[in-house]
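*Asks:* Please see the structure below; I have some questions.
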Amino acid sequence: MDARLNFFADPVTGKALKHVMAAGRVVKDSALPAATQELVSLRVSQINGCAVCVDMHTKEAAAAGESAVRLHLVAAWREATVYTEAERAALELAEAGTRVADGAGGVSDAVWERAARHYDEEQLGALLLLISFMNLANRLNVMTRQPAGAYEVGQFH
C-alpha cells in the first residue's frame, strides 16, 4: 500500500506539519503523564481507524514500559480494571472530544468534571491539545492512506 501524499516532501504540508510537530513536542514535554498521553493517543487513533498512529503509539508505549495487557485493553477500557481513575477520566474525555459529531452538546459537564478532578489546568490544556492533535493527525493519515507497520520507536520525536 502506498500513501497518496508524502507529507514531508510536499512544501505546504511539510512546512505546516513541522509547526504542528513542534506544538506536539510541547505537549509531550508537559506535566501530563507520559503513560496517559500514549493511552489517549492510542484510543483516539483506534476510534478514527488510523492504523499508522495505532502502530506508532502502541510501539512507543511498549518501549516506554507499558504492559501488553493495558495496551490490548485500551479499546475496551470501560470494562477493564487495569487503568487508574485519572487515566479513565482522560480516556473518557478523549472519546467525547473525538466523537463530538456523534452526540449533541459535545463534551458533557460530567465528563469535563471527572477529568478536572484528576488534572490541573496545565495538564487539562495539554490533554485537550493532545486529543486535538491526534484527531488532526488521524484525519490526515486516513485521508491519504498512510501505511502502517513500519514505524520505529522515536522516528518522529
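In the C-alpha cells, each chain is lettered A, B, ... as it comes, each chain's residues begin at 1, and ligands are numbered from 1 in order of appearance.
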Within 8 Å of Thr98 of chain A, counting only C-alpha atoms, which residues qualify if same-chain residues fewer than 2 places away don't, as JSON, numbers by chain?
*Replies:* {"A": [44, 47, 94, 95, 96, 100, 131, 132, 135]}
*Asks:* Determine, counting only C-alpha atoms, which protein, DNA and RNA residues have an atom within 12 Å of an atom of segment 25-28 of chain A; residues of the same chain fewer than 6 positions away are not included. Present the result as number ranges by chain.
*Replies:* A: 18-19, 34-38, 41, 122-134, 156-157
*Asks:* Extract the full set of helix (DSSP H, G or I) residues from segment 6-130 of chain A according to DSSP on the backbone, and format it as an mmCIF file with N, CA, C and O atoms, in the first residue's frame.
*Replies:*
```
data_model
loop_
_atom_site.group_PDB
_atom_site.id
_atom_site.type_symbol
_atom_site.label_atom_id
_atom_site.label_comp_id
_atom_site.auth_asym_id
_atom_site.auth_seq_id
_atom_site.Cartn_x
_atom_site.Cartn_y
_atom_site.Cartn_z
ATOM 1 N N PRO A 11 5.739 20.788 -0.169
ATOM 2 C CA PRO A 11 6.191 22.008 0.503
ATOM 3 C C PRO A 11 5.173 22.605 1.479
ATOM 4 O O PRO A 11 5.567 23.107 2.534
ATOM 5 N N VAL A 12 3.904 22.556 1.167
ATOM 6 C CA VAL A 12 2.905 23.165 2.052
ATOM 7 C C VAL A 12 2.678 22.301 3.287
ATOM 8 O O VAL A 12 2.784 22.773 4.416
ATOM 9 N N THR A 13 2.355 21.026 3.081
ATOM 10 C CA THR A 13 2.100 20.173 4.249
ATOM 11 C C THR A 13 3.378 19.966 5.059
ATOM 12 O O THR A 13 3.320 19.914 6.297
ATOM 13 N N GLY A 14 4.497 19.852 4.409
ATOM 14 C CA GLY A 14 5.757 19.676 5.126
ATOM 15 C C GLY A 14 6.041 20.830 6.069
ATOM 16 O O GLY A 14 6.390 20.634 7.238
ATOM 17 N N LYS A 15 5.887 22.044 5.571
ATOM 18 C CA LYS A 15 6.125 23.235 6.394
ATOM 19 C C LYS A 15 5.117 23.327 7.534
ATOM 20 O O LYS A 15 5.485 23.585 8.685
ATOM 21 N N ALA A 16 3.860 23.107 7.235
ATOM 22 C CA ALA A 16 2.819 23.194 8.263
ATOM 23 C C ALA A 16 3.002 22.118 9.326
ATOM 24 O O ALA A 16 2.876 22.384 10.532
ATOM 25 N N LEU A 17 3.319 20.894 8.910
ATOM 26 C CA LEU A 17 3.448 19.803 9.865
ATOM 27 C C LEU A 17 4.664 19.949 10.767
ATOM 28 O O LEU A 17 4.654 19.457 11.896
ATOM 29 N N LYS A 18 5.697 20.634 10.315
ATOM 30 C CA LYS A 18 6.834 20.906 11.197
ATOM 31 C C LYS A 18 6.386 21.742 12.393
ATOM 32 O O LYS A 18 6.815 21.513 13.519
ATOM 33 N N HIS A 19 5.483 22.698 12.152
ATOM 34 C CA HIS A 19 4.958 23.525 13.241
ATOM 35 C C HIS A 19 4.039 22.705 14.148
ATOM 36 O O HIS A 19 4.088 22.849 15.372
ATOM 37 N N VAL A 20 3.214 21.871 13.544
ATOM 38 C CA VAL A 20 2.317 21.016 14.324
ATOM 39 C C VAL A 20 3.143 20.067 15.201
ATOM 40 O O VAL A 20 2.830 19.870 16.380
ATOM 41 N N MET A 21 4.189 19.501 14.633
ATOM 42 C CA MET A 21 5.030 18.579 15.400
ATOM 43 C C MET A 21 5.769 19.306 16.527
ATOM 44 O O MET A 21 5.962 18.745 17.613
ATOM 45 N N ALA A 22 6.143 20.550 16.308
ATOM 46 C CA ALA A 22 6.778 21.335 17.372
ATOM 47 C C ALA A 22 5.779 21.573 18.509
ATOM 48 O O ALA A 22 6.140 21.487 19.687
ATOM 49 N N ALA A 23 4.533 21.847 18.157
ATOM 50 C CA ALA A 23 3.492 22.003 19.177
ATOM 51 C C ALA A 23 3.264 20.678 19.909
ATOM 52 O O ALA A 23 3.080 20.656 21.129
ATOM 53 N N GLY A 24 3.313 19.594 19.175
ATOM 54 C CA GLY A 24 3.174 18.275 19.786
ATOM 55 C C GLY A 24 4.289 17.995 20.777
ATOM 56 O O GLY A 24 4.081 17.334 21.802
ATOM 57 N N ARG A 25 5.478 18.493 20.504
ATOM 58 C CA ARG A 25 6.619 18.312 21.409
ATOM 59 C C ARG A 25 6.371 19.027 22.736
ATOM 60 O O ARG A 25 6.743 18.541 23.799
ATOM 61 N N VAL A 26 5.731 20.201 22.674
ATOM 62 C CA VAL A 26 5.392 20.937 23.895
ATOM 63 C C VAL A 26 4.458 20.089 24.760
ATOM 64 O O VAL A 26 4.636 19.981 25.971
ATOM 65 N N VAL A 27 3.475 19.467 24.133
ATOM 66 C CA VAL A 27 2.549 18.599 24.861
ATOM 67 C C VAL A 27 3.298 17.401 25.434
ATOM 68 O O VAL A 27 3.130 17.046 26.603
ATOM 69 N N LYS A 28 4.148 16.780 24.627
ATOM 70 C CA LYS A 28 4.905 15.601 25.072
ATOM 71 C C LYS A 28 5.755 15.926 26.296
ATOM 72 O O LYS A 28 5.889 15.105 27.193
ATOM 73 N N ALA A 34 3.231 10.630 30.809
ATOM 74 C CA ALA A 34 3.554 10.020 29.521
ATOM 75 C C ALA A 34 2.662 8.820 29.220
ATOM 76 O O ALA A 34 2.221 8.638 28.084
ATOM 77 N N ALA A 35 2.382 8.002 30.224
ATOM 78 C CA ALA A 35 1.520 6.833 30.005
ATOM 79 C C ALA A 35 0.131 7.273 29.572
ATOM 80 O O ALA A 35 -0.453 6.690 28.657
ATOM 81 N N THR A 36 -0.383 8.312 30.207
ATOM 82 C CA THR A 36 -1.704 8.841 29.832
ATOM 83 C C THR A 36 -1.675 9.345 28.397
ATOM 84 O O THR A 36 -2.602 9.094 27.624
ATOM 85 N N GLN A 37 -0.611 10.026 28.025
ATOM 86 C CA GLN A 37 -0.503 10.540 26.660
ATOM 87 C C GLN A 37 -0.564 9.402 25.642
ATOM 88 O O GLN A 37 -1.266 9.507 24.636
ATOM 89 N N GLU A 38 0.161 8.340 25.879
ATOM 90 C CA GLU A 38 0.171 7.233 24.917
ATOM 91 C C GLU A 38 -1.168 6.501 24.885
ATOM 92 O O GLU A 38 -1.649 6.137 23.804
ATOM 93 N N LEU A 39 -1.782 6.297 26.034
ATOM 94 C CA LEU A 39 -3.088 5.622 26.064
ATOM 95 C C LEU A 39 -4.143 6.452 25.333
ATOM 96 O O LEU A 39 -4.940 5.915 24.552
ATOM 97 N N VAL A 40 -4.146 7.746 25.565
ATOM 98 C CA VAL A 40 -5.101 8.640 24.898
ATOM 99 C C VAL A 40 -4.835 8.661 23.399
ATOM 100 O O VAL A 40 -5.767 8.556 22.590
ATOM 101 N N SER A 41 -3.575 8.782 23.008
ATOM 102 C CA SER A 41 -3.230 8.790 21.581
ATOM 103 C C SER A 41 -3.679 7.504 20.905
ATOM 104 O O SER A 41 -4.225 7.529 19.798
ATOM 105 N N LEU A 42 -3.466 6.395 21.580
ATOM 106 C CA LEU A 42 -3.874 5.101 21.041
ATOM 107 C C LEU A 42 -5.386 5.013 20.911
ATOM 108 O O LEU A 42 -5.907 4.605 19.863
ATOM 109 N N ARG A 43 -6.111 5.431 21.942
ATOM 110 C CA ARG A 43 -7.578 5.321 21.903
ATOM 111 C C ARG A 43 -8.184 6.213 20.827
ATOM 112 O O ARG A 43 -9.075 5.778 20.080
ATOM 113 N N VAL A 44 -7.728 7.439 20.715
ATOM 114 C CA VAL A 44 -8.237 8.334 19.675
ATOM 115 C C VAL A 44 -7.965 7.730 18.295
ATOM 116 O O VAL A 44 -8.836 7.721 17.423
ATOM 117 N N SER A 45 -6.787 7.178 18.117
ATOM 118 C CA SER A 45 -6.419 6.575 16.836
ATOM 119 C C SER A 45 -7.254 5.343 16.525
ATOM 120 O O SER A 45 -7.607 5.099 15.366
ATOM 121 N N GLN A 46 -7.583 4.563 17.540
ATOM 122 C CA GLN A 46 -8.470 3.410 17.342
ATOM 123 C C GLN A 46 -9.843 3.869 16.869
ATOM 124 O O GLN A 46 -10.405 3.311 15.926
ATOM 125 N N ILE A 47 -10.394 4.863 17.533
ATOM 126 C CA ILE A 47 -11.727 5.372 17.179
ATOM 127 C C ILE A 47 -11.742 5.852 15.728
ATOM 128 O O ILE A 47 -12.683 5.586 14.984
ATOM 129 N N ASN A 48 -10.681 6.550 15.327
ATOM 130 C CA ASN A 48 -10.623 7.126 13.981
ATOM 131 C C ASN A 48 -10.130 6.150 12.920
ATOM 132 O O ASN A 48 -10.085 6.494 11.744
ATOM 133 N N ALA A 51 -4.507 3.428 11.328
ATOM 134 C CA ALA A 51 -3.594 2.314 11.571
ATOM 135 C C ALA A 51 -2.168 2.774 11.838
ATOM 136 O O ALA A 51 -1.482 2.213 12.701
ATOM 137 N N VAL A 52 -1.698 3.778 11.109
ATOM 138 C CA VAL A 52 -0.320 4.226 11.294
ATOM 139 C C VAL A 52 -0.116 4.813 12.690
ATOM 140 O O VAL A 52 0.932 4.607 13.312
ATOM 141 N N CYS A 53 -1.112 5.503 13.233
ATOM 142 C CA CYS A 53 -0.994 6.053 14.585
ATOM 143 C C CYS A 53 -1.172 4.962 15.645
ATOM 144 O O CYS A 53 -0.537 5.018 16.693
ATOM 145 N N VAL A 54 -2.020 3.976 15.389
ATOM 146 C CA VAL A 54 -2.126 2.841 16.303
ATOM 147 C C VAL A 54 -0.771 2.137 16.377
ATOM 148 O O VAL A 54 -0.277 1.798 17.458
ATOM 149 N N ASP A 55 -0.153 1.932 15.227
ATOM 150 C CA ASP A 55 1.167 1.315 15.154
ATOM 151 C C ASP A 55 2.175 2.128 15.971
ATOM 152 O O ASP A 55 2.885 1.597 16.837
ATOM 153 N N MET A 56 2.236 3.419 15.711
ATOM 154 C CA MET A 56 3.199 4.287 16.376
ATOM 155 C C MET A 56 3.004 4.305 17.887
ATOM 156 O O MET A 56 3.969 4.107 18.646
ATOM 157 N N HIS A 57 1.795 4.538 18.342
ATOM 158 C CA HIS A 57 1.576 4.727 19.769
ATOM 159 C C HIS A 57 1.617 3.419 20.552
ATOM 160 O O HIS A 57 2.002 3.412 21.719
ATOM 161 N N THR A 58 1.302 2.318 19.921
ATOM 162 C CA THR A 58 1.472 1.026 20.573
ATOM 163 C C THR A 58 2.956 0.757 20.792
ATOM 164 O O THR A 58 3.377 0.352 21.880
ATOM 165 N N LYS A 59 3.757 1.002 19.773
ATOM 166 C CA LYS A 59 5.207 0.766 19.879
ATOM 167 C C LYS A 59 5.866 1.733 20.850
ATOM 168 O O LYS A 59 6.730 1.343 21.642
ATOM 169 N N GLU A 60 5.487 3.010 20.797
ATOM 170 C CA GLU A 60 6.058 3.991 21.720
ATOM 171 C C GLU A 60 5.715 3.642 23.170
ATOM 172 O O GLU A 60 6.567 3.716 24.061
ATOM 173 N N ALA A 61 4.464 3.268 23.406
ATOM 174 C CA ALA A 61 4.038 2.921 24.766
ATOM 175 C C ALA A 61 4.765 1.677 25.272
ATOM 176 O O ALA A 61 5.217 1.637 26.423
ATOM 177 N N ALA A 62 4.885 0.669 24.431
ATOM 178 C CA ALA A 62 5.588 -0.556 24.824
ATOM 179 C C ALA A 62 7.056 -0.259 25.130
ATOM 180 O O ALA A 62 7.604 -0.752 26.123
ATOM 181 N N ALA A 63 7.685 0.568 24.315
ATOM 182 C CA ALA A 63 9.092 0.919 24.538
ATOM 183 C C ALA A 63 9.274 1.696 25.839
ATOM 184 O O ALA A 63 10.327 1.613 26.475
ATOM 185 N N ALA A 68 1.581 -5.057 27.933
ATOM 186 C CA ALA A 68 0.779 -5.544 26.808
ATOM 187 C C ALA A 68 -0.693 -5.604 27.194
ATOM 188 O O ALA A 68 -1.564 -5.287 26.374
ATOM 189 N N VAL A 69 -0.989 -5.978 28.413
ATOM 190 C CA VAL A 69 -2.382 -6.073 28.857
ATOM 191 C C VAL A 69 -3.069 -4.716 28.750
ATOM 192 O O VAL A 69 -4.169 -4.612 28.210
ATOM 193 N N ARG A 70 -2.422 -3.679 29.251
ATOM 194 C CA ARG A 70 -3.035 -2.343 29.196
ATOM 195 C C ARG A 70 -3.185 -1.862 27.760
ATOM 196 O O ARG A 70 -4.172 -1.222 27.416
ATOM 197 N N LEU A 71 -2.218 -2.165 26.913
ATOM 198 C CA LEU A 71 -2.317 -1.767 25.507
ATOM 199 C C LEU A 71 -3.450 -2.514 24.800
ATOM 200 O O LEU A 71 -4.203 -1.914 24.039
ATOM 201 N N HIS A 72 -3.583 -3.783 25.071
ATOM 202 C CA HIS A 72 -4.633 -4.581 24.425
ATOM 203 C C HIS A 72 -6.032 -4.187 24.908
ATOM 204 O O HIS A 72 -6.995 -4.275 24.137
ATOM 205 N N LEU A 73 -6.139 -3.758 26.150
ATOM 206 C CA LEU A 73 -7.458 -3.463 26.711
ATOM 207 C C LEU A 73 -7.926 -2.026 26.499
ATOM 208 O O LEU A 73 -9.069 -1.709 26.818
ATOM 209 N N VAL A 74 -7.083 -1.157 25.950
ATOM 210 C CA VAL A 74 -7.486 0.245 25.823
ATOM 211 C C VAL A 74 -8.751 0.400 24.973
ATOM 212 O O VAL A 74 -9.555 1.291 25.218
ATOM 213 N N ALA A 75 -8.961 -0.479 24.023
ATOM 214 C CA ALA A 75 -10.173 -0.400 23.185
ATOM 215 C C ALA A 75 -11.439 -0.687 24.003
ATOM 216 O O ALA A 75 -12.529 -0.266 23.624
ATOM 217 N N ALA A 76 -11.281 -1.374 25.119
ATOM 218 C CA ALA A 76 -12.421 -1.716 25.985
ATOM 219 C C ALA A 76 -12.143 -1.222 27.407
ATOM 220 O O ALA A 76 -12.441 -1.905 28.388
ATOM 221 N N TRP A 77 -11.605 -0.036 27.534
ATOM 222 C CA TRP A 77 -11.150 0.492 28.817
ATOM 223 C C TRP A 77 -12.249 0.570 29.871
ATOM 224 O O TRP A 77 -11.974 0.428 31.053
ATOM 225 N N ARG A 78 -13.496 0.783 29.467
ATOM 226 C CA ARG A 78 -14.578 0.913 30.448
ATOM 227 C C ARG A 78 -14.765 -0.362 31.275
ATOM 228 O O ARG A 78 -15.116 -0.297 32.442
ATOM 229 N N GLU A 79 -14.541 -1.501 30.646
ATOM 230 C CA GLU A 79 -14.732 -2.776 31.329
ATOM 231 C C GLU A 79 -13.440 -3.315 31.943
ATOM 232 O O GLU A 79 -13.454 -4.337 32.628
ATOM 233 N N GLU A 85 -8.118 5.805 37.954
ATOM 234 C CA GLU A 85 -9.277 6.687 37.774
ATOM 235 C C GLU A 85 -8.899 7.892 36.912
ATOM 236 O O GLU A 85 -9.697 8.347 36.094
ATOM 237 N N ALA A 86 -7.702 8.402 37.070
ATOM 238 C CA ALA A 86 -7.249 9.536 36.252
ATOM 239 C C ALA A 86 -7.149 9.138 34.781
ATOM 240 O O ALA A 86 -7.586 9.884 33.895
ATOM 241 N N GLU A 87 -6.586 7.970 34.517
ATOM 242 C CA GLU A 87 -6.481 7.501 33.128
ATOM 243 C C GLU A 87 -7.864 7.278 32.531
ATOM 244 O O GLU A 87 -8.106 7.613 31.369
ATOM 245 N N ARG A 88 -8.769 6.749 33.318
ATOM 246 C CA ARG A 88 -10.140 6.522 32.843
ATOM 247 C C ARG A 88 -10.811 7.861 32.487
ATOM 248 O O ARG A 88 -11.505 7.968 31.477
ATOM 249 N N ALA A 89 -10.583 8.868 33.315
ATOM 250 C CA ALA A 89 -11.149 10.197 33.041
ATOM 251 C C ALA A 89 -10.559 10.775 31.759
ATOM 252 O O ALA A 89 -11.274 11.390 30.953
ATOM 253 N N ALA A 90 -9.256 10.577 31.548
ATOM 254 C CA ALA A 90 -8.605 11.073 30.321
ATOM 255 C C ALA A 90 -9.125 10.329 29.099
ATOM 256 O O ALA A 90 -9.380 10.945 28.049
ATOM 257 N N LEU A 91 -9.300 9.027 29.205
ATOM 258 C CA LEU A 91 -9.829 8.237 28.084
ATOM 259 C C LEU A 91 -11.270 8.637 27.771
ATOM 260 O O LEU A 91 -11.655 8.731 26.601
ATOM 261 N N GLU A 92 -12.052 8.902 28.807
ATOM 262 C CA GLU A 92 -13.435 9.333 28.593
ATOM 263 C C GLU A 92 -13.482 10.686 27.893
ATOM 264 O O GLU A 92 -14.257 10.883 26.947
ATOM 265 N N LEU A 93 -12.632 11.623 28.317
ATOM 266 C CA LEU A 93 -12.575 12.930 27.667
ATOM 267 C C LEU A 93 -12.103 12.790 26.222
ATOM 268 O O LEU A 93 -12.638 13.435 25.314
ATOM 269 N N ALA A 94 -11.129 11.909 26.005
ATOM 270 C CA ALA A 94 -10.622 11.685 24.644
ATOM 271 C C ALA A 94 -11.721 11.156 23.735
ATOM 272 O O ALA A 94 -11.855 11.604 22.591
ATOM 273 N N GLU A 95 -12.502 10.218 24.222
ATOM 274 C CA GLU A 95 -13.603 9.684 23.410
ATOM 275 C C GLU A 95 -14.653 10.749 23.134
ATOM 276 O O GLU A 95 -15.109 10.895 21.998
ATOM 277 N N ALA A 96 -15.028 11.487 24.157
ATOM 278 C CA ALA A 96 -16.042 12.530 23.968
ATOM 279 C C ALA A 96 -15.543 13.604 23.009
ATOM 280 O O ALA A 96 -16.292 14.082 22.148
ATOM 281 N N GLY A 97 -14.283 13.990 23.127
ATOM 282 C CA GLY A 97 -13.716 15.006 22.251
ATOM 283 C C GLY A 97 -13.520 14.534 20.828
ATOM 284 O O GLY A 97 -13.540 15.331 19.891
ATOM 285 N N THR A 98 -13.331 13.238 20.657
ATOM 286 C CA THR A 98 -13.155 12.666 19.319
ATOM 287 C C THR A 98 -14.493 12.443 18.642
ATOM 288 O O THR A 98 -14.620 12.595 17.432
ATOM 289 N N VAL A 100 -17.330 14.178 18.840
ATOM 290 C CA VAL A 100 -18.205 15.339 19.023
ATOM 291 C C VAL A 100 -19.394 15.333 18.067
ATOM 292 O O VAL A 100 -20.464 15.825 18.414
ATOM 293 N N ALA A 101 -19.226 14.782 16.897
ATOM 294 C CA ALA A 101 -20.332 14.756 15.935
ATOM 295 C C ALA A 101 -21.370 13.682 16.283
ATOM 296 O O ALA A 101 -22.491 13.726 15.780
ATOM 297 N N ASP A 102 -21.002 12.736 17.133
ATOM 298 C CA ASP A 102 -21.906 11.638 17.474
ATOM 299 C C ASP A 102 -22.939 12.003 18.528
ATOM 300 O O ASP A 102 -23.934 11.308 18.693
ATOM 301 N N ASP A 109 -20.680 18.251 30.803
ATOM 302 C CA ASP A 109 -20.121 18.792 32.042
ATOM 303 C C ASP A 109 -19.609 17.668 32.934
ATOM 304 O O ASP A 109 -18.568 17.808 33.583
ATOM 305 N N ALA A 110 -20.310 16.552 32.964
ATOM 306 C CA ALA A 110 -19.906 15.427 33.814
ATOM 307 C C ALA A 110 -18.553 14.867 33.371
ATOM 308 O O ALA A 110 -17.683 14.576 34.206
ATOM 309 N N VAL A 111 -18.360 14.718 32.065
ATOM 310 C CA VAL A 111 -17.083 14.219 31.543
ATOM 311 C C VAL A 111 -15.972 15.209 31.882
ATOM 312 O O VAL A 111 -14.896 14.818 32.344
ATOM 313 N N TRP A 112 -16.231 16.488 31.675
ATOM 314 C CA TRP A 112 -15.239 17.511 31.979
ATOM 315 C C TRP A 112 -14.888 17.510 33.464
ATOM 316 O O TRP A 112 -13.711 17.562 33.843
ATOM 317 N N GLU A 113 -15.894 17.439 34.315
ATOM 318 C CA GLU A 113 -15.664 17.469 35.758
ATOM 319 C C GLU A 113 -14.846 16.268 36.227
ATOM 320 O O GLU A 113 -13.992 16.404 37.111
ATOM 321 N N ARG A 114 -15.083 15.089 35.646
ATOM 322 C CA ARG A 114 -14.287 13.921 36.025
ATOM 323 C C ARG A 114 -12.816 14.123 35.651
ATOM 324 O O ARG A 114 -11.918 13.788 36.423
ATOM 325 N N ALA A 115 -12.567 14.697 34.492
ATOM 326 C CA ALA A 115 -11.180 14.961 34.085
ATOM 327 C C ALA A 115 -10.558 16.033 34.986
ATOM 328 O O ALA A 115 -9.404 15.893 35.417
ATOM 329 N N ALA A 116 -11.312 17.070 35.288
ATOM 330 C CA ALA A 116 -10.801 18.172 36.104
ATOM 331 C C ALA A 116 -10.497 17.738 37.538
ATOM 332 O O ALA A 116 -9.688 18.388 38.221
ATOM 333 N N ARG A 117 -11.092 16.664 38.018
ATOM 334 C CA ARG A 117 -10.778 16.134 39.349
ATOM 335 C C ARG A 117 -9.367 15.557 39.418
ATOM 336 O O ARG A 117 -8.779 15.476 40.491
ATOM 337 N N HIS A 118 -8.855 15.126 38.288
ATOM 338 C CA HIS A 118 -7.571 14.430 38.263
ATOM 339 C C HIS A 118 -6.422 15.225 37.650
ATOM 340 O O HIS A 118 -5.261 14.865 37.844
ATOM 341 N N GLU A 121 -5.027 22.627 35.559
ATOM 342 C CA GLU A 121 -5.295 23.355 34.309
ATOM 343 C C GLU A 121 -4.223 23.121 33.255
ATOM 344 O O GLU A 121 -4.530 22.972 32.075
ATOM 345 N N GLU A 122 -2.959 23.098 33.656
ATOM 346 C CA GLU A 122 -1.879 22.860 32.701
ATOM 347 C C GLU A 122 -2.020 21.473 32.068
ATOM 348 O O GLU A 122 -1.890 21.312 30.857
ATOM 349 N N GLN A 123 -2.294 20.477 32.886
ATOM 350 C CA GLN A 123 -2.452 19.119 32.375
ATOM 351 C C GLN A 123 -3.701 18.998 31.514
ATOM 352 O O GLN A 123 -3.677 18.320 30.479
ATOM 353 N N LEU A 124 -4.791 19.653 31.924
ATOM 354 C CA LEU A 124 -6.012 19.640 31.103
ATOM 355 C C LEU A 124 -5.757 20.294 29.751
ATOM 356 O O LEU A 124 -6.206 19.793 28.720
ATOM 357 N N GLY A 125 -5.045 21.400 29.754
ATOM 358 C CA GLY A 125 -4.705 22.059 28.490
ATOM 359 C C GLY A 125 -3.892 21.148 27.596
ATOM 360 O O GLY A 125 -4.148 21.040 26.386
ATOM 361 N N ALA A 126 -2.913 20.467 28.178
ATOM 362 C CA ALA A 126 -2.090 19.532 27.408
ATOM 363 C C ALA A 126 -2.938 18.385 26.884
ATOM 364 O O ALA A 126 -2.778 17.952 25.734
ATOM 365 N N LEU A 127 -3.857 17.889 27.713
ATOM 366 C CA LEU A 127 -4.738 16.794 27.299
ATOM 367 C C LEU A 127 -5.635 17.225 26.143
ATOM 368 O O LEU A 127 -5.792 16.484 25.159
ATOM 369 N N LEU A 128 -6.187 18.419 26.216
ATOM 370 C CA LEU A 128 -7.029 18.931 25.128
ATOM 371 C C LEU A 128 -6.233 19.083 23.831
ATOM 372 O O LEU A 128 -6.703 18.713 22.756
ATOM 373 N N LEU A 129 -5.031 19.623 23.943
ATOM 374 C CA LEU A 129 -4.186 19.762 22.751
ATOM 375 C C LEU A 129 -3.827 18.399 22.178
ATOM 376 O O LEU A 129 -3.841 18.211 20.960
ATOM 377 N N LEU A 130 -3.513 17.439 23.048
ATOM 378 C CA LEU A 130 -3.178 16.096 22.585
ATOM 379 C C LEU A 130 -4.348 15.464 21.836
ATOM 380 O O LEU A 130 -4.175 14.913 20.741
#
```
*Asks:* Enter the distance from atom CA of Arg4 of chain A to atom CA of Gln146 of chain A, in Å, rounded to one decimal.
*Replies:*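 For atom CA of Arg4 of chain A relative to atom CA of Gln146 of chain A, the distance reads 7.4 Å.
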*Asks:* Name all residues at most 9 Å from Arg145 of chain A (count only C-alpha atoms; drop same-chain ones fewer than 6 positions away) and give them as an MDAnalysis selection string.
*Replies:* chainID A and resid 1:5 50 52
*Asks:* Using only C-alpha atoms for the distances, tell me which of A:Ala80, A:Asp120, A:Arg99, A:Asn141 is nearest to Ser30 of chain A.
*Replies:*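 Closest to Ser30 of chain A of all the choices is A:Asp120.
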